[in-house]
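Novice: Below is the file data.cif, which contains mmCIF, N, CA and C atoms.
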data_start
#
loop_
_atom_site.label_atom_id
_atom_site.label_comp_id
_atom_site.auth_asym_id
_atom_site.auth_seq_id
_atom_site.Cartn_x
_atom_site.Cartn_y
_atom_site.Cartn_z
N MET A 21 21.35 -30.59 6.57
CA MET A 21 21.22 -29.61 7.64
C MET A 21 20.51 -28.37 7.10
N LYS A 22 19.51 -27.91 7.84
CA LYS A 22 18.71 -26.77 7.43
C LYS A 22 19.42 -25.47 7.76
N LYS A 23 19.44 -24.54 6.79
CA LYS A 23 20.06 -23.24 7.03
C LYS A 23 19.14 -22.36 7.85
N GLU A 24 19.74 -21.58 8.72
CA GLU A 24 19.01 -20.66 9.57
C GLU A 24 18.48 -19.49 8.75
N LYS A 25 17.20 -19.15 8.93
CA LYS A 25 16.62 -18.00 8.25
C LYS A 25 16.88 -16.75 9.09
N VAL A 26 17.15 -15.65 8.41
CA VAL A 26 17.46 -14.39 9.06
C VAL A 26 16.22 -13.51 9.07
N VAL A 27 15.95 -12.89 10.20
CA VAL A 27 14.82 -11.96 10.30
C VAL A 27 15.26 -10.60 9.74
N ILE A 28 14.45 -10.08 8.82
CA ILE A 28 14.69 -8.75 8.27
C ILE A 28 13.42 -7.93 8.42
N GLY A 29 13.57 -6.62 8.31
CA GLY A 29 12.42 -5.72 8.41
C GLY A 29 11.83 -5.42 7.05
N ARG A 30 10.80 -4.61 7.04
CA ARG A 30 10.14 -4.25 5.77
C ARG A 30 10.98 -3.29 4.95
N ARG A 31 11.96 -2.67 5.56
CA ARG A 31 12.93 -1.80 4.89
C ARG A 31 14.31 -2.22 5.36
N GLU A 32 15.24 -2.29 4.44
CA GLU A 32 16.63 -2.63 4.77
C GLU A 32 17.55 -1.82 3.86
N VAL A 33 18.85 -1.95 4.10
CA VAL A 33 19.84 -1.42 3.17
C VAL A 33 20.60 -2.60 2.61
N ALA A 34 21.09 -2.45 1.40
CA ALA A 34 21.78 -3.55 0.74
C ALA A 34 22.97 -3.02 -0.03
N ASP A 35 23.84 -3.93 -0.42
CA ASP A 35 25.01 -3.60 -1.22
C ASP A 35 24.99 -4.46 -2.48
N LEU A 36 25.30 -3.83 -3.61
CA LEU A 36 25.53 -4.56 -4.86
C LEU A 36 27.03 -4.47 -5.09
N ILE A 37 27.73 -5.38 -4.45
CA ILE A 37 29.19 -5.35 -4.36
C ILE A 37 29.86 -5.29 -5.73
N GLU A 38 29.38 -6.09 -6.67
CA GLU A 38 29.99 -6.16 -8.00
C GLU A 38 29.99 -4.82 -8.72
N PHE A 39 29.09 -3.93 -8.33
CA PHE A 39 28.93 -2.66 -9.03
C PHE A 39 29.33 -1.46 -8.19
N GLY A 40 29.89 -1.72 -7.02
CA GLY A 40 30.35 -0.63 -6.16
C GLY A 40 29.23 0.17 -5.53
N LEU A 41 28.04 -0.39 -5.44
CA LEU A 41 26.90 0.32 -4.86
C LEU A 41 26.69 -0.16 -3.42
N SER A 42 26.71 0.78 -2.49
CA SER A 42 26.52 0.39 -1.08
C SER A 42 25.45 1.27 -0.44
N ASP A 43 24.89 0.75 0.62
CA ASP A 43 23.85 1.45 1.39
C ASP A 43 22.65 1.83 0.53
N VAL A 44 22.24 0.95 -0.36
CA VAL A 44 21.10 1.22 -1.22
C VAL A 44 19.82 0.85 -0.46
N GLN A 45 18.85 1.75 -0.48
CA GLN A 45 17.58 1.52 0.20
C GLN A 45 16.80 0.41 -0.49
N VAL A 46 16.25 -0.50 0.31
CA VAL A 46 15.54 -1.66 -0.19
C VAL A 46 14.15 -1.72 0.44
N LYS A 47 13.15 -1.99 -0.39
CA LYS A 47 11.81 -2.23 0.11
C LYS A 47 11.53 -3.72 -0.04
N VAL A 48 11.14 -4.36 1.04
CA VAL A 48 10.81 -5.78 1.00
C VAL A 48 9.31 -5.89 0.70
N ASP A 49 8.99 -6.59 -0.38
CA ASP A 49 7.61 -6.69 -0.84
C ASP A 49 7.24 -8.17 -0.97
N THR A 50 6.59 -8.70 0.06
CA THR A 50 6.23 -10.11 0.06
C THR A 50 5.11 -10.42 -0.94
N GLY A 51 4.50 -9.40 -1.50
CA GLY A 51 3.48 -9.59 -2.52
C GLY A 51 4.05 -9.71 -3.92
N ALA A 52 5.31 -9.31 -4.08
CA ALA A 52 5.96 -9.39 -5.40
C ALA A 52 6.69 -10.71 -5.52
N TYR A 53 6.63 -11.32 -6.69
CA TYR A 53 7.34 -12.58 -6.90
C TYR A 53 8.82 -12.34 -7.13
N SER A 54 9.14 -11.46 -8.08
CA SER A 54 10.55 -11.22 -8.41
C SER A 54 11.04 -9.92 -7.80
N SER A 55 12.33 -9.71 -7.87
CA SER A 55 12.96 -8.50 -7.36
C SER A 55 13.30 -7.60 -8.53
N SER A 56 13.41 -6.30 -8.25
CA SER A 56 13.74 -5.37 -9.33
C SER A 56 14.68 -4.29 -8.84
N ILE A 57 15.43 -3.74 -9.79
CA ILE A 57 16.39 -2.67 -9.51
C ILE A 57 16.08 -1.50 -10.44
N HIS A 58 16.13 -0.31 -9.89
CA HIS A 58 15.92 0.90 -10.68
C HIS A 58 17.15 1.16 -11.56
N VAL A 59 16.90 1.40 -12.84
CA VAL A 59 17.97 1.76 -13.77
C VAL A 59 17.60 3.05 -14.47
N SER A 60 18.61 3.87 -14.75
CA SER A 60 18.37 5.10 -15.49
C SER A 60 18.72 4.94 -16.96
N HIS A 61 19.41 3.83 -17.27
CA HIS A 61 19.76 3.53 -18.67
C HIS A 61 19.77 2.01 -18.83
N CYS A 62 19.09 1.53 -19.86
CA CYS A 62 19.05 0.10 -20.14
C CYS A 62 18.79 -0.05 -21.64
N GLN A 63 19.83 -0.51 -22.36
CA GLN A 63 19.71 -0.60 -23.82
C GLN A 63 20.50 -1.79 -24.32
N GLU A 64 19.88 -2.53 -25.22
CA GLU A 64 20.54 -3.68 -25.83
C GLU A 64 21.17 -3.26 -27.15
N LYS A 65 22.48 -3.56 -27.29
CA LYS A 65 23.21 -3.25 -28.52
C LYS A 65 24.06 -4.45 -28.91
N ASP A 66 23.81 -4.99 -30.08
CA ASP A 66 24.60 -6.11 -30.60
C ASP A 66 24.74 -7.26 -29.61
N GLY A 67 23.65 -7.62 -28.95
CA GLY A 67 23.65 -8.75 -28.04
C GLY A 67 24.26 -8.47 -26.68
N VAL A 68 24.56 -7.21 -26.40
CA VAL A 68 25.11 -6.81 -25.10
C VAL A 68 24.15 -5.80 -24.47
N LEU A 69 23.88 -5.98 -23.19
CA LEU A 69 22.97 -5.09 -22.47
C LEU A 69 23.77 -4.04 -21.73
N GLU A 70 23.48 -2.76 -22.02
CA GLU A 70 24.11 -1.64 -21.32
C GLU A 70 23.19 -1.19 -20.20
N VAL A 71 23.73 -1.10 -18.97
CA VAL A 71 22.90 -0.76 -17.82
C VAL A 71 23.60 0.29 -16.97
N LYS A 72 22.82 1.28 -16.55
CA LYS A 72 23.29 2.27 -15.57
C LYS A 72 22.33 2.18 -14.39
N PHE A 73 22.83 1.72 -13.25
CA PHE A 73 22.00 1.52 -12.06
C PHE A 73 21.71 2.85 -11.36
N LEU A 74 20.51 2.97 -10.82
CA LEU A 74 20.05 4.12 -10.06
C LEU A 74 20.05 5.38 -10.92
N ASP A 75 19.99 6.54 -10.28
CA ASP A 75 20.10 7.83 -10.98
C ASP A 75 20.65 8.85 -10.00
N GLU A 76 20.81 10.08 -10.47
CA GLU A 76 21.47 11.12 -9.68
C GLU A 76 20.77 11.42 -8.36
N SER A 77 19.51 11.08 -8.22
CA SER A 77 18.78 11.39 -6.99
C SER A 77 19.14 10.46 -5.84
N HIS A 78 19.87 9.38 -6.11
CA HIS A 78 20.25 8.42 -5.07
C HIS A 78 21.70 8.64 -4.65
N SER A 79 21.95 8.64 -3.36
CA SER A 79 23.31 8.89 -2.85
C SER A 79 24.30 7.81 -3.27
N SER A 80 23.84 6.63 -3.58
CA SER A 80 24.71 5.52 -3.98
C SER A 80 25.03 5.52 -5.48
N TYR A 81 24.45 6.43 -6.23
CA TYR A 81 24.57 6.46 -7.69
C TYR A 81 26.02 6.61 -8.15
N ILE A 82 26.39 5.81 -9.14
CA ILE A 82 27.69 5.92 -9.80
C ILE A 82 27.40 6.09 -11.28
N ASP A 83 27.92 7.15 -11.88
CA ASP A 83 27.68 7.44 -13.29
C ASP A 83 28.55 6.54 -14.16
N ARG A 84 28.14 5.27 -14.27
CA ARG A 84 28.92 4.28 -15.01
C ARG A 84 27.99 3.30 -15.70
N ILE A 85 28.33 2.93 -16.91
CA ILE A 85 27.56 1.92 -17.65
C ILE A 85 28.22 0.56 -17.46
N PHE A 86 27.40 -0.42 -17.08
CA PHE A 86 27.86 -1.80 -16.92
C PHE A 86 27.33 -2.61 -18.10
N LEU A 87 28.14 -3.55 -18.57
CA LEU A 87 27.78 -4.36 -19.74
C LEU A 87 27.49 -5.79 -19.30
N PHE A 88 26.42 -6.36 -19.86
CA PHE A 88 26.02 -7.73 -19.56
C PHE A 88 25.85 -8.50 -20.85
N LYS A 89 26.53 -9.64 -20.92
CA LYS A 89 26.36 -10.54 -22.06
C LYS A 89 25.29 -11.57 -21.77
N GLU A 90 25.08 -11.85 -20.48
CA GLU A 90 24.06 -12.82 -20.08
C GLU A 90 22.87 -12.08 -19.48
N PHE A 91 21.74 -12.19 -20.15
CA PHE A 91 20.51 -11.56 -19.70
C PHE A 91 19.36 -12.23 -20.44
N ARG A 92 18.16 -11.94 -20.00
CA ARG A 92 16.99 -12.43 -20.73
C ARG A 92 15.92 -11.34 -20.71
N LYS A 93 15.01 -11.45 -21.64
CA LYS A 93 13.91 -10.51 -21.76
C LYS A 93 12.62 -11.28 -21.50
N LYS A 94 11.72 -10.68 -20.72
CA LYS A 94 10.50 -11.38 -20.36
C LYS A 94 9.36 -10.37 -20.19
N ARG A 95 8.16 -10.80 -20.54
CA ARG A 95 6.98 -9.96 -20.32
C ARG A 95 6.51 -10.15 -18.88
N VAL A 96 6.31 -9.02 -18.18
CA VAL A 96 5.85 -9.08 -16.79
C VAL A 96 4.70 -8.09 -16.60
N LYS A 97 3.89 -8.36 -15.59
CA LYS A 97 2.81 -7.45 -15.25
C LYS A 97 3.31 -6.57 -14.11
N SER A 98 3.28 -5.25 -14.32
CA SER A 98 3.76 -4.31 -13.31
C SER A 98 2.75 -4.18 -12.18
N SER A 99 3.13 -3.45 -11.13
CA SER A 99 2.24 -3.26 -9.98
C SER A 99 0.98 -2.49 -10.37
N THR A 100 1.04 -1.75 -11.48
CA THR A 100 -0.13 -1.00 -11.95
C THR A 100 -1.02 -1.85 -12.85
N GLY A 101 -0.62 -3.09 -13.12
CA GLY A 101 -1.42 -4.00 -13.92
C GLY A 101 -1.08 -3.99 -15.41
N GLN A 102 -0.13 -3.15 -15.80
CA GLN A 102 0.27 -3.09 -17.21
C GLN A 102 1.32 -4.15 -17.51
N THR A 103 1.21 -4.75 -18.68
CA THR A 103 2.20 -5.72 -19.12
C THR A 103 3.30 -4.99 -19.86
N GLN A 104 4.54 -5.32 -19.52
CA GLN A 104 5.68 -4.68 -20.16
C GLN A 104 6.82 -5.68 -20.32
N GLU A 105 7.70 -5.43 -21.28
CA GLU A 105 8.88 -6.27 -21.45
C GLU A 105 9.98 -5.72 -20.58
N ARG A 106 10.64 -6.60 -19.86
CA ARG A 106 11.74 -6.19 -19.00
C ARG A 106 12.94 -7.09 -19.23
N TYR A 107 14.10 -6.53 -19.00
CA TYR A 107 15.34 -7.30 -19.01
C TYR A 107 15.56 -7.85 -17.61
N PHE A 108 16.16 -9.06 -17.54
CA PHE A 108 16.50 -9.69 -16.28
C PHE A 108 17.97 -10.06 -16.30
N ILE A 109 18.65 -9.80 -15.17
CA ILE A 109 20.06 -10.16 -15.01
C ILE A 109 20.23 -10.81 -13.65
N TYR A 110 21.32 -11.56 -13.48
CA TYR A 110 21.66 -12.13 -12.19
C TYR A 110 22.66 -11.21 -11.50
N VAL A 111 22.39 -10.93 -10.21
CA VAL A 111 23.19 -9.99 -9.43
C VAL A 111 23.41 -10.57 -8.04
N LYS A 112 24.59 -10.34 -7.48
CA LYS A 112 24.84 -10.68 -6.08
C LYS A 112 24.46 -9.48 -5.23
N ILE A 113 23.63 -9.73 -4.22
CA ILE A 113 23.21 -8.68 -3.32
C ILE A 113 23.57 -9.08 -1.89
N HIS A 114 24.11 -8.13 -1.13
CA HIS A 114 24.38 -8.36 0.29
C HIS A 114 23.26 -7.68 1.06
N MET A 115 22.52 -8.49 1.82
CA MET A 115 21.40 -7.97 2.60
C MET A 115 21.18 -8.89 3.79
N GLY A 116 20.92 -8.33 4.93
CA GLY A 116 20.63 -9.13 6.11
C GLY A 116 21.77 -10.04 6.52
N GLY A 117 23.00 -9.61 6.22
CA GLY A 117 24.17 -10.40 6.58
C GLY A 117 24.44 -11.57 5.64
N LYS A 118 23.67 -11.68 4.56
CA LYS A 118 23.87 -12.76 3.59
C LYS A 118 24.20 -12.17 2.22
N ILE A 119 24.95 -12.93 1.44
CA ILE A 119 25.18 -12.58 0.05
C ILE A 119 24.43 -13.60 -0.80
N VAL A 120 23.53 -13.10 -1.62
CA VAL A 120 22.65 -13.96 -2.42
C VAL A 120 22.78 -13.56 -3.89
N LYS A 121 22.95 -14.54 -4.75
CA LYS A 121 22.92 -14.28 -6.19
C LYS A 121 21.53 -14.66 -6.68
N THR A 122 20.85 -13.69 -7.26
CA THR A 122 19.48 -13.92 -7.70
C THR A 122 19.16 -13.06 -8.91
N GLU A 123 18.04 -13.36 -9.53
CA GLU A 123 17.63 -12.64 -10.73
C GLU A 123 16.86 -11.37 -10.37
N PHE A 124 17.20 -10.28 -11.04
CA PHE A 124 16.51 -9.01 -10.86
C PHE A 124 16.00 -8.52 -12.20
N SER A 125 14.81 -7.93 -12.19
CA SER A 125 14.33 -7.26 -13.39
C SER A 125 14.86 -5.83 -13.34
N LEU A 126 15.08 -5.26 -14.51
CA LEU A 126 15.58 -3.90 -14.62
C LEU A 126 14.42 -3.01 -15.05
N THR A 127 14.16 -1.98 -14.28
CA THR A 127 13.02 -1.12 -14.57
C THR A 127 13.29 0.30 -14.10
N GLU A 128 12.62 1.24 -14.70
CA GLU A 128 12.71 2.61 -14.24
C GLU A 128 11.72 2.79 -13.11
N ARG A 129 12.23 3.00 -11.91
CA ARG A 129 11.40 3.21 -10.73
C ARG A 129 11.46 4.69 -10.33
N ASN A 130 11.41 5.58 -11.33
CA ASN A 130 11.47 7.02 -11.07
C ASN A 130 10.40 7.42 -10.06
N GLY A 131 10.78 8.29 -9.16
CA GLY A 131 9.82 8.78 -8.18
C GLY A 131 9.58 7.82 -7.03
N MET A 132 10.12 6.62 -7.10
CA MET A 132 9.97 5.65 -6.01
C MET A 132 11.06 5.90 -4.96
N ARG A 133 10.70 5.82 -3.70
CA ARG A 133 11.65 6.06 -2.62
C ARG A 133 12.73 4.99 -2.54
N PHE A 134 12.37 3.78 -2.94
CA PHE A 134 13.28 2.66 -2.79
C PHE A 134 13.69 2.13 -4.16
N PRO A 135 14.97 2.24 -4.51
CA PRO A 135 15.42 1.82 -5.84
C PRO A 135 15.48 0.30 -6.04
N ILE A 136 15.43 -0.44 -4.95
CA ILE A 136 15.43 -1.91 -5.06
C ILE A 136 14.20 -2.45 -4.35
N LEU A 137 13.51 -3.33 -5.07
CA LEU A 137 12.35 -4.02 -4.51
C LEU A 137 12.73 -5.49 -4.40
N ILE A 138 12.54 -6.06 -3.22
CA ILE A 138 12.89 -7.46 -2.96
C ILE A 138 11.61 -8.29 -2.92
N GLY A 139 11.53 -9.31 -3.78
CA GLY A 139 10.35 -10.16 -3.85
C GLY A 139 10.56 -11.54 -3.23
N ARG A 140 9.53 -12.35 -3.29
CA ARG A 140 9.52 -13.67 -2.65
C ARG A 140 10.59 -14.62 -3.17
N LYS A 141 10.92 -14.52 -4.45
CA LYS A 141 11.91 -15.43 -5.03
C LYS A 141 13.25 -15.34 -4.29
N LEU A 142 13.62 -14.12 -3.90
CA LEU A 142 14.86 -13.95 -3.14
C LEU A 142 14.65 -14.29 -1.66
N LEU A 143 13.50 -13.97 -1.12
CA LEU A 143 13.22 -14.15 0.31
C LEU A 143 13.08 -15.61 0.73
N ASN A 144 12.44 -16.42 -0.13
CA ASN A 144 12.09 -17.81 0.23
C ASN A 144 13.29 -18.61 0.70
N ASN A 145 13.09 -19.29 1.83
CA ASN A 145 14.08 -20.17 2.46
C ASN A 145 15.35 -19.46 2.93
N ARG A 146 15.34 -18.12 2.93
CA ARG A 146 16.51 -17.36 3.41
C ARG A 146 16.17 -16.38 4.52
N PHE A 147 15.00 -15.74 4.40
CA PHE A 147 14.64 -14.65 5.30
C PHE A 147 13.23 -14.81 5.83
N ILE A 148 13.01 -14.26 7.01
CA ILE A 148 11.68 -14.09 7.58
C ILE A 148 11.49 -12.59 7.72
N VAL A 149 10.37 -12.09 7.22
CA VAL A 149 10.11 -10.65 7.24
C VAL A 149 9.21 -10.30 8.41
N ASP A 150 9.69 -9.41 9.27
CA ASP A 150 8.88 -8.87 10.36
C ASP A 150 8.50 -7.45 9.92
N THR A 151 7.26 -7.27 9.51
CA THR A 151 6.83 -6.00 8.94
C THR A 151 6.76 -4.87 9.97
N SER A 152 6.87 -5.18 11.24
CA SER A 152 6.85 -4.14 12.27
C SER A 152 8.24 -3.53 12.47
N LEU A 153 9.26 -4.09 11.79
CA LEU A 153 10.64 -3.64 11.98
C LEU A 153 11.23 -3.04 10.71
N LYS A 154 12.27 -2.21 10.89
CA LYS A 154 12.99 -1.61 9.76
C LYS A 154 14.48 -1.56 10.09
N TYR A 155 15.30 -1.71 9.07
CA TYR A 155 16.74 -1.50 9.12
C TYR A 155 17.42 -2.26 10.26
N LEU A 156 17.25 -3.57 10.24
CA LEU A 156 17.85 -4.42 11.28
C LEU A 156 19.32 -4.71 11.01
N HIS A 157 19.75 -4.64 9.74
CA HIS A 157 21.09 -5.08 9.37
C HIS A 157 21.85 -3.97 8.66
N PRO A 158 23.10 -3.74 9.08
CA PRO A 158 23.92 -2.74 8.39
C PRO A 158 24.43 -3.27 7.05
N SER A 159 24.79 -2.37 6.17
CA SER A 159 25.40 -2.78 4.92
C SER A 159 26.86 -3.14 5.18
N LEU A 160 27.54 -3.72 4.23
CA LEU A 160 28.96 -4.04 4.38
C LEU A 160 29.77 -2.77 4.60
N HIS A 161 29.33 -1.70 3.96
CA HIS A 161 30.01 -0.41 4.05
C HIS A 161 30.05 0.10 5.49
N ALA A 162 29.00 -0.20 6.26
CA ALA A 162 28.89 0.28 7.64
C ALA A 162 29.68 -0.57 8.62
N LEU A 163 30.10 -1.77 8.21
CA LEU A 163 30.81 -2.67 9.12
C LEU A 163 32.26 -2.27 9.30
#
What does the file become when written as structure tokens?
Specialist:
Amino acid sequence: MKKEKVVIGRREVADLIEFGLSDVQVKVDTGAYSSSIHVSHCQEKDGVLEVKFLDESHSSYIDRIFLFKEFRKKRVKSSTGQTQERYFIYVKIHMGGKIVKTEFSLTERNGMRFPILIGRKLLNNRFIVDTSLKYLHPSLHAL
């Protein structure tokens, strides 16, 4: 049986339930393959990755370091065309009424309006993007 795809807009809000982050602004980018999350701290120590999501400029920011034992490092080409090494982790995200566990790259998106970028890897077979619409689905926090 085929699962129903959910229509989402070019901008949505999402929740990262595992980390207590709710109502985080999301930009849907059908041109990007992978998804990424803005981090203000990301450092590997003794095989453990220390991560602080978002920064003080975001209303959802929590001043807390999360530890990850499972992660990978990969070279990626940024939107500016530069190649850089990034850490990748698996995260559950609530968006468009669905909870999806998918891989996110961790990057500093300073100055960007949207701390989370959603790419095709997460969108495929789950969502249809209507670029003429925005904010179709409330976060869990709003329900």
Novice: Identify all residues satisfying the PyMOL selection byres ((chain A and resi 33) around 5) in the given file; provide them as an NGL selection string.
Specialist: :A and (31-32 or 34-35 or 44-46)
Novice: What is the distance between atom N of A:Lys72 and atom C of A:Lys93, in Å to one decimal?
Specialist: 16.9 Å
Novice: Applied to this file, what does the PyMOL selection byres ((chain A and resi 69) around 8) return in terms of residues, put as a list in words?
Specialist: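 Matching residues under the PyMOL selection byres ((chain A and resi 69) around 8) are His61, Cys62, Gln63, Glu64, Lys65, Asp66, Gly67, Val68, Glu70, Val71, Lys72, Ile85, Phe86, Leu87, Phe88, Lys89, Glu90 and Phe91 of chain A.
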Novice: Considering all atoms listed in the file, return as an NGL selection string whatever protein or nucleic-acid residues lie within 6 Å of A:Thr127, sequence-local ones (same chain, fewer than 5 positions apart) excluded.
Specialist: :A and (56-59)
Novice: Using backbone DSSP assignments, extract all helix (DSSP H, G or I) residues from chain A; output them as a list in words.
Specialist: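 Reading the DSSP output for chain A, helix (DSSP H, G or I) covers Ile37, Glu38, Phe39, Arg140, Lys141, Leu142, Leu143, Leu160, His161 and Ala162 of chain A.
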Novice: Residues near A:Lys121, anyone? I mean within 5 Å using only N, CA and C atoms, not counting same-chain ones fewer than 3 positions away, as a list in words.
Specialist: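 Contacts, with the query itself left out: Val111, Lys112 and Ile113 of chain A.
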Novice: Need to verify the contact set: stretch 148-161 of chain A, 7 Å, only N, CA and C atoms, exclusion of same-chain residues closer than 4 positions in sequence. Can you return it as a PyMOL selection string?
Specialist: chain A and resi 25-35+42-43+114-117+143
Novice: Atom CA of A:Ile119 and atom CA of A:His78 are how many Å apart?
Specialist: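 Atom CA of A:His78 lies at a distance of 22.2 Å from atom CA of A:Ile119.
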Novice: Tell me which residues the PyMOL selection byres ((chain A and resi 106) around 8) grabs here, as number ranges by chain.
Specialist: A: 92-96, 103-105, 107-109, 124-127
Novice: For A:Ile82, work out the shell of residues within 6.5 Å, counting all atoms listed in the file and skipping chain neighbours fewer than 2 positions away, then give it as an MDAnalysis selection string.
Specialist: chainID A and resid 73 80 84
Novice: Considering all atoms listed in the file, can you say which of A:Phe134, A:Tyr81, A:Lys23, A:Lys141 comes closest to A:Gly40?
Specialist: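 Using all atoms listed in the file, A:Gly40 sits closest to A:Tyr81.
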Novice: Would you compute, for all listed atoms of stretch 117-131 of chain A, the axis-aligned bounding box grown by 8 Å on each side, and then report its centre and edge lengths in Å rounded to one decimal, as JSON?
Specialist:
{"center_x": 17.4, "center_y": -2.9, "center_z": -4.2, "size_x": 31.6, "size_y": 39.4, "size_z": 37.6}
Novice: Using atom CA of A:Asp49 and atom CA of A:Leu142 as the two end points, give the distance in Å to one decimal.
Specialist: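 Distance reported for this atom pair: 10.5 Å.
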